[in-house]
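Below is data-v3.pdb, holding PDB, C-alpha atoms.
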```pdb
ATOM      1  CA  MET A  12       0.000   0.000   0.000  1.00  0.00           C
ATOM      2  CA  GLN A  13       1.163   3.487  -0.819  1.00  0.00           C
ATOM      3  CA  VAL A  14      -0.184   6.907   0.074  1.00  0.00           C
ATOM      4  CA  LEU A  15      -0.593   9.424  -2.741  1.00  0.00           C
ATOM      5  CA  VAL A  16      -1.179  13.077  -1.898  1.00  0.00           C
ATOM      6  CA  ASP A  17      -2.898  15.674  -4.058  1.00  0.00           C
ATOM      7  CA  ALA A  18      -0.333  18.103  -2.713  1.00  0.00           C
ATOM      8  CA  ASP A  19      -1.031  21.438  -4.422  1.00  0.00           C
ATOM      9  CA  ALA A  20      -3.774  22.375  -1.955  1.00  0.00           C
ATOM     10  CA  CYS A  21      -2.884  20.048   0.915  1.00  0.00           C
ATOM     11  CA  PRO A  22      -2.217  21.958   4.154  1.00  0.00           C
ATOM     12  CA  ALA A  23       1.376  21.836   5.398  1.00  0.00           C
ATOM     13  CA  VAL A  24       0.292  20.400   8.761  1.00  0.00           C
ATOM     14  CA  ILE A  25      -1.292  17.421   6.948  1.00  0.00           C
ATOM     15  CA  LYS A  26       1.884  16.839   4.962  1.00  0.00           C
ATOM     16  CA  ASP A  27       3.850  16.855   8.234  1.00  0.00           C
ATOM     17  CA  ILE A  28       1.483  14.260   9.722  1.00  0.00           C
ATOM     18  CA  LEU A  29       1.976  12.110   6.621  1.00  0.00           C
ATOM     19  CA  PHE A  30       5.771  12.474   6.736  1.00  0.00           C
ATOM     20  CA  ARG A  31       5.806  11.257  10.359  1.00  0.00           C
ATOM     21  CA  ALA A  32       3.468   8.358   9.511  1.00  0.00           C
ATOM     22  CA  ALA A  33       5.659   7.368   6.548  1.00  0.00           C
ATOM     23  CA  LYS A  34       8.690   7.120   8.811  1.00  0.00           C
ATOM     24  CA  ARG A  35       6.830   5.325  11.614  1.00  0.00           C
ATOM     25  CA  GLU A  36       5.046   2.824   9.336  1.00  0.00           C
ATOM     26  CA  GLU A  37       7.833   2.568   6.749  1.00  0.00           C
ATOM     27  CA  MET A  38       5.324   3.172   3.971  1.00  0.00           C
ATOM     28  CA  MET A  39       5.716   5.153   0.777  1.00  0.00           C
ATOM     29  CA  VAL A  40       4.137   8.617   0.681  1.00  0.00           C
ATOM     30  CA  THR A  41       4.213  10.346  -2.705  1.00  0.00           C
ATOM     31  CA  LEU A  42       3.234  13.978  -3.119  1.00  0.00           C
ATOM     32  CA  VAL A  43       1.998  14.953  -6.579  1.00  0.00           C
ATOM     33  CA  ALA A  44       1.848  18.651  -7.469  1.00  0.00           C
ATOM     34  CA  ASN A  45       2.200  21.204 -10.256  1.00  0.00           C
ATOM     35  CA  GLN A  46       4.934  22.956  -8.313  1.00  0.00           C
ATOM     36  CA  PHE A  47       8.207  21.975  -6.685  1.00  0.00           C
ATOM     37  CA  LEU A  48       7.702  20.630  -3.162  1.00  0.00           C
ATOM     38  CA  ARG A  49      10.298  20.320  -0.477  1.00  0.00           C
ATOM     39  CA  THR A  50      10.174  16.971   1.304  1.00  0.00           C
ATOM     40  CA  PRO A  51      12.187  15.657   4.210  1.00  0.00           C
ATOM     41  CA  PRO A  52      15.091  13.366   3.386  1.00  0.00           C
ATOM     42  CA  SER A  53      13.514   9.939   3.694  1.00  0.00           C
ATOM     43  CA  PRO A  54      13.438   6.716   1.720  1.00  0.00           C
ATOM     44  CA  PHE A  55       9.658   6.712   2.349  1.00  0.00           C
ATOM     45  CA  VAL A  56       8.770  10.178   1.001  1.00  0.00           C
ATOM     46  CA  LYS A  57       9.032  11.476  -2.537  1.00  0.00           C
ATOM     47  CA  SER A  58       7.452  14.169  -4.648  1.00  0.00           C
ATOM     48  CA  ILE A  59       6.478  14.212  -8.286  1.00  0.00           C
ATOM     49  CA  GLN A  60       6.172  17.517 -10.094  1.00  0.00           C
ATOM     50  CA  VAL A  61       3.797  17.412 -13.049  1.00  0.00           C
ATOM     51  CA  PRO A  62       3.465  20.061 -15.767  1.00  0.00           C
ATOM     52  CA  PRO A  63       1.058  22.928 -15.098  1.00  0.00           C
ATOM     53  CA  GLY A  64      -2.464  22.437 -16.337  1.00  0.00           C
ATOM     54  CA  PHE A  65      -5.992  21.694 -15.273  1.00  0.00           C
ATOM     55  CA  ASP A  66      -6.224  18.310 -13.482  1.00  0.00           C
ATOM     56  CA  VAL A  67      -2.730  17.177 -14.590  1.00  0.00           C
ATOM     57  CA  ALA A  68      -1.806  16.187 -11.010  1.00  0.00           C
ATOM     58  CA  ASP A  69      -5.163  14.443 -10.586  1.00  0.00           C
ATOM     59  CA  ALA A  70      -4.653  12.448 -13.772  1.00  0.00           C
ATOM     60  CA  ARG A  71      -1.198  11.359 -12.594  1.00  0.00           C
ATOM     61  CA  ILE A  72      -2.603  10.231  -9.247  1.00  0.00           C
ATOM     62  CA  VAL A  73      -5.343   8.204 -10.956  1.00  0.00           C
ATOM     63  CA  GLU A  74      -2.711   6.664 -13.219  1.00  0.00           C
ATOM     64  CA  MET A  75      -0.585   5.663 -10.202  1.00  0.00           C
ATOM     65  CA  VAL A  76      -3.244   4.487  -7.732  1.00  0.00           C
ATOM     66  CA  GLU A  77      -3.746   0.776  -7.236  1.00  0.00           C
ATOM     67  CA  ASP A  78      -6.292  -1.268  -5.352  1.00  0.00           C
ATOM     68  CA  GLY A  79      -5.955  -0.606  -1.624  1.00  0.00           C
ATOM     69  CA  ASP A  80      -3.843   2.564  -1.932  1.00  0.00           C
ATOM     70  CA  LEU A  81      -4.772   5.660   0.056  1.00  0.00           C
ATOM     71  CA  VAL A  82      -5.166   9.045  -1.624  1.00  0.00           C
ATOM     72  CA  ILE A  83      -5.298  12.272   0.360  1.00  0.00           C
ATOM     73  CA  THR A  84      -7.402  14.843  -1.491  1.00  0.00           C
ATOM     74  CA  ALA A  85     -10.189  17.360  -1.102  1.00  0.00           C
ATOM     75  CA  ASP A  86     -10.975  17.053  -4.818  1.00  0.00           C
ATOM     76  CA  ILE A  87     -14.287  15.199  -5.140  1.00  0.00           C
ATOM     77  CA  PRO A  88     -13.944  14.103  -8.808  1.00  0.00           C
ATOM     78  CA  LEU A  89     -10.441  12.796  -8.048  1.00  0.00           C
ATOM     79  CA  ALA A  90     -11.798  10.901  -5.036  1.00  0.00           C
ATOM     80  CA  ALA A  91     -14.497   9.359  -7.260  1.00  0.00           C
ATOM     81  CA  ALA A  92     -11.870   8.160  -9.753  1.00  0.00           C
ATOM     82  CA  VAL A  93      -9.745   6.733  -6.933  1.00  0.00           C
ATOM     83  CA  ILE A  94     -12.686   4.822  -5.466  1.00  0.00           C
ATOM     84  CA  GLU A  95     -13.539   3.497  -8.925  1.00  0.00           C
ATOM     85  CA  LYS A  96     -10.013   2.025  -9.146  1.00  0.00           C
ATOM     86  CA  GLY A  97     -10.320   0.380  -5.713  1.00  0.00           C
ATOM     87  CA  GLY A  98      -8.380   2.980  -3.752  1.00  0.00           C
ATOM     88  CA  LYS A  99      -9.363   4.753  -0.557  1.00  0.00           C
ATOM     89  CA  ALA A 100      -9.795   8.539  -0.433  1.00  0.00           C
ATOM     90  CA  LEU A 101      -9.447  10.696   2.679  1.00  0.00           C
ATOM     91  CA  ASP A 102     -10.055  14.439   2.812  1.00  0.00           C
ATOM     92  CA  PRO A 103      -7.398  16.537   4.651  1.00  0.00           C
ATOM     93  CA  ARG A 104     -10.107  17.346   7.215  1.00  0.00           C
ATOM     94  CA  GLY A 105     -10.449  13.644   8.061  1.00  0.00           C
ATOM     95  CA  SER A 106     -13.618  12.859   6.118  1.00  0.00           C
ATOM     96  CA  TRP A 107     -13.710   9.659   4.054  1.00  0.00           C
ATOM     97  CA  PHE A 108     -14.985   9.533   0.500  1.00  0.00           C
ATOM     98  CA  THR A 109     -16.729   6.201   0.013  1.00  0.00           C
ATOM     99  CA  SER A 110     -18.701   4.402  -2.666  1.00  0.00           C
ATOM    100  CA  GLU A 111     -21.770   5.119  -0.499  1.00  0.00           C
ATOM    101  CA  ASN A 112     -21.304   8.919  -0.324  1.00  0.00           C
ATOM    102  CA  ILE A 113     -19.379   9.904  -3.457  1.00  0.00           C
ATOM    103  CA  LYS A 114     -22.394  10.344  -5.768  1.00  0.00           C
ATOM    104  CA  GLU A 115     -24.084  12.668  -3.290  1.00  0.00           C
ATOM    105  CA  ARG A 116     -20.879  14.668  -2.841  1.00  0.00           C
ATOM    106  CA  LEU A 117     -20.471  15.000  -6.609  1.00  0.00           C
ATOM    107  CA  SER A 118     -24.098  16.190  -6.900  1.00  0.00           C
ATOM    108  CA  VAL A 119     -23.674  18.809  -4.189  1.00  0.00           C
ATOM    109  CA  ARG A 120     -20.424  19.974  -5.791  1.00  0.00           C
ATOM    110  CA  ASP A 121     -22.117  20.317  -9.178  1.00  0.00           C
ATOM    111  CA  MET A 122     -25.062  22.198  -7.654  1.00  0.00           C
ATOM    112  CA  MET A 123     -22.695  24.635  -5.915  1.00  0.00           C
ATOM    113  CA  ASP A 124     -20.826  25.168  -9.199  1.00  0.00           C
ATOM    114  CA  GLN A 125     -24.123  25.994 -10.918  1.00  0.00           C
ATOM    115  CA  LEU A 126     -25.067  28.464  -8.175  1.00  0.00           C
ATOM    116  CA  ARG A 127     -21.680  30.188  -8.447  1.00  0.00           C
ATOM    117  CA  ALA A 128     -21.996  30.305 -12.237  1.00  0.00           C
ATOM    118  CA  ALA A 129     -25.371  32.024 -11.777  1.00  0.00           C
ATOM    119  CA  GLY A 130     -23.683  34.702  -9.653  1.00  0.00           C
ATOM    120  CA  ILE A 131     -24.919  33.468  -6.289  1.00  0.00           C
ATOM    121  CA  GLU A 132     -22.429  33.806  -3.422  1.00  0.00           C
ATOM    122  CA  THR A 133     -22.088  30.367  -1.848  1.00  0.00           C
ATOM    123  CA  GLY A 134     -19.195  31.053   0.498  1.00  0.00           C
ATOM    124  CA  GLY A 135     -16.428  28.556   0.800  1.00  0.00           C
ATOM    125  CA  PRO A 136     -15.228  25.972   3.234  1.00  0.00           C
ATOM    126  CA  ALA A 137     -14.442  27.030   6.773  1.00  0.00           C
ATOM    127  CA  PRO A 138     -10.781  27.876   7.389  1.00  0.00           C
ATOM    128  CA  PHE A 139      -8.632  24.834   8.132  1.00  0.00           C
ATOM    129  CA  SER A 140      -8.374  24.449  11.908  1.00  0.00           C
ATOM    130  CA  PRO A 141      -6.279  22.543  14.449  1.00  0.00           C
ATOM    131  CA  ARG A 142      -9.351  20.377  15.060  1.00  0.00           C
ATOM    132  CA  ASP A 143      -9.338  19.406  11.357  1.00  0.00           C
ATOM    133  CA  SER A 144      -5.724  18.209  11.559  1.00  0.00           C
ATOM    134  CA  LYS A 145      -6.510  16.284  14.743  1.00  0.00           C
ATOM    135  CA  VAL A 146      -9.479  14.537  13.093  1.00  0.00           C
ATOM    136  CA  PHE A 147      -7.328  13.736  10.042  1.00  0.00           C
ATOM    137  CA  ALA A 148      -4.526  12.293  12.205  1.00  0.00           C
ATOM    138  CA  GLY A 149      -7.021  10.099  14.057  1.00  0.00           C
ATOM    139  CA  GLU A 150      -8.592   8.760  10.868  1.00  0.00           C
ATOM    140  CA  LEU A 151      -5.179   8.111   9.324  1.00  0.00           C
ATOM    141  CA  ASP A 152      -4.004   6.252  12.446  1.00  0.00           C
ATOM    142  CA  ARG A 153      -7.153   4.073  12.494  1.00  0.00           C
ATOM    143  CA  PHE A 154      -6.725   3.279   8.796  1.00  0.00           C
ATOM    144  CA  LEU A 155      -3.060   2.352   9.237  1.00  0.00           C
ATOM    145  CA  ALA A 156      -3.872   0.189  12.264  1.00  0.00           C
ATOM    146  CA  ARG A 157      -6.428  -1.730  10.163  1.00  0.00           C
ATOM    147  CA  GLN A 158      -3.778  -2.172   7.446  1.00  0.00           C
ATOM    148  CA  ARG A 159      -1.329  -3.646   9.961  1.00  0.00           C
ATOM    149  CA  LYS A 160      -3.943  -6.153  11.136  1.00  0.00           C
ATOM    150  CA  ALA A 161      -5.082  -7.132   7.622  1.00  0.00           C
ATOM    151  CA  PRO A 162      -3.689 -10.430   6.331  1.00  0.00           C
ATOM    152  CA  ARG A 163      -1.191  -9.947   3.541  1.00  0.00           C
TER     153      ARG A 163
END
```
Take the structure I supplied and represent it as structure tokens, if you would.
Amino acid sequence: MQVLVDADACPAVIKDILFRAAKREEMMVTLVANQFLRTPPSPFVKSIQVPPGFDVADARIVEMVEDGDLVITADIPLAAAVIEKGGKALDPRGSWFTSENIKERLSVRDMMDQLRAAGIETGGPAPFSPRDSKVFAGELDRFLARQRKAPR
């Protein structure tokens, strides 16, 4: 199992949590972004810089993900593609995208896009908070614990 990170918009605190988990669990964490990313020196952490462009990083993540891999992203269409390939998708706020909730999330996203296109102010997500990083860390730890217990 590897962890792939949609790193362009991923909060730094989440990346730090992932870097520590990579070292502790000795698992590969790969950050994919349109820009250069500094990563700690580690055999378990690497970054891939993709060319600029709409959804180029997302396409690379979908290309790389395999059954059972974990993808960290807030991008709902990317999460849907990951789930379709058998991967797991976790939002940086600690919310799981699942086959049970992804269609609803895509619908809400599309509705919000339509409202914005019509000129209606919809606001945005709440600012990222310390509670969000705590929830994320807890969900990641539970997921990794289940992976350790799973038969190989």
(request) Give me the result of the PyMOL selection byres ((chain A and resi 136-150) around 9) on this file, residue by residue, as a list in words. (result) Pro22, Val24, Ile25, Ile28, Leu29, Leu101, Asp102, Pro103, Arg104, Gly105, Ser106, Trp107, Gly134, Gly135, Leu151, Asp152, Arg153, Phe154 and Leu155 of chain A
(request) Could you tell me how far atom CA of A:Arg35 lies from atom CA of A:Ala68, in Å and to one decimal? (result) 26.5 Å
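Across A:Ile131, A:Ala32, A:Ala156, A:Met12, the tightest approach to A:Val76 is made by A:Met12 when counting only C-alpha atoms.
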(request) Quote the spacing between atom CA of A:Ser110 and atom CA of A:Ile72 in Å to one decimal place. (result)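 Pair atom CA of A:Ser110 / atom CA of A:Ile72 returns 18.3 Å.
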(request) Using all atoms listed in the file, pick whichever of A:Lys99, A:Lys57, A:Arg120, A:Arg31 has the shortest atom-to-atom distance to A:Glu77. (result)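 Among A:Lys99, A:Lys57, A:Arg120, A:Arg31, it is A:Lys99 that comes nearest to A:Glu77.
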(request) Write out as a list of chain:residue names the residues lying within 9 Å of A:Phe30, counting all atoms listed in the file and excluding same-chain residues fewer than 3 positions away. (result) A:Ile25, A:Lys26, A:Asp27, A:Ala33, A:Lys34, A:Arg35, A:Val40, A:Thr50, A:Pro51, A:Ser53, A:Phe55, A:Val56
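Candidate residues A:Leu42, A:Val119, A:Ala128, A:Glu111 were compared for distance to A:Ala23, and the nearest is A:Leu42, using only C-alpha atoms.
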(request) Could you tell me which of A:Ile83, A:Ala90, A:Gln46, A:Pro62 comes closest to A:Asp17 if we count only C-alpha atoms? (result)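 Residue with the minimum atom-to-atom distance to A:Asp17: A:Ile83.
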(message) Evaluate the PyMOL selection byres ((chain A and resi 43) around 8) against this structure - the residues, as a PyMOL selection string, please.
(response) chain A and resi 15-19+41-42+44-45+58-61+68+71-72
If the box runs along x, y and z of the file and leaves 8 Å on each side of stretch 99-105 of chain A, what are its centre and edge lengths in Å, one decimal, as JSON?
```
{"center_x": -8.9, "center_y": 11.0, "center_z": 3.8, "size_x": 19.1, "size_y": 28.6, "size_z": 24.6}
```
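One finds atom CA of A:Leu81 at 14.6 Å from atom CA of A:Glu37.
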(request) Pick out the closest residue to A:Ala20 from this set: A:Asp86, A:Glu95, A:Glu132, A:Asp78. Count only C-alpha atoms. (result) A:Asp86
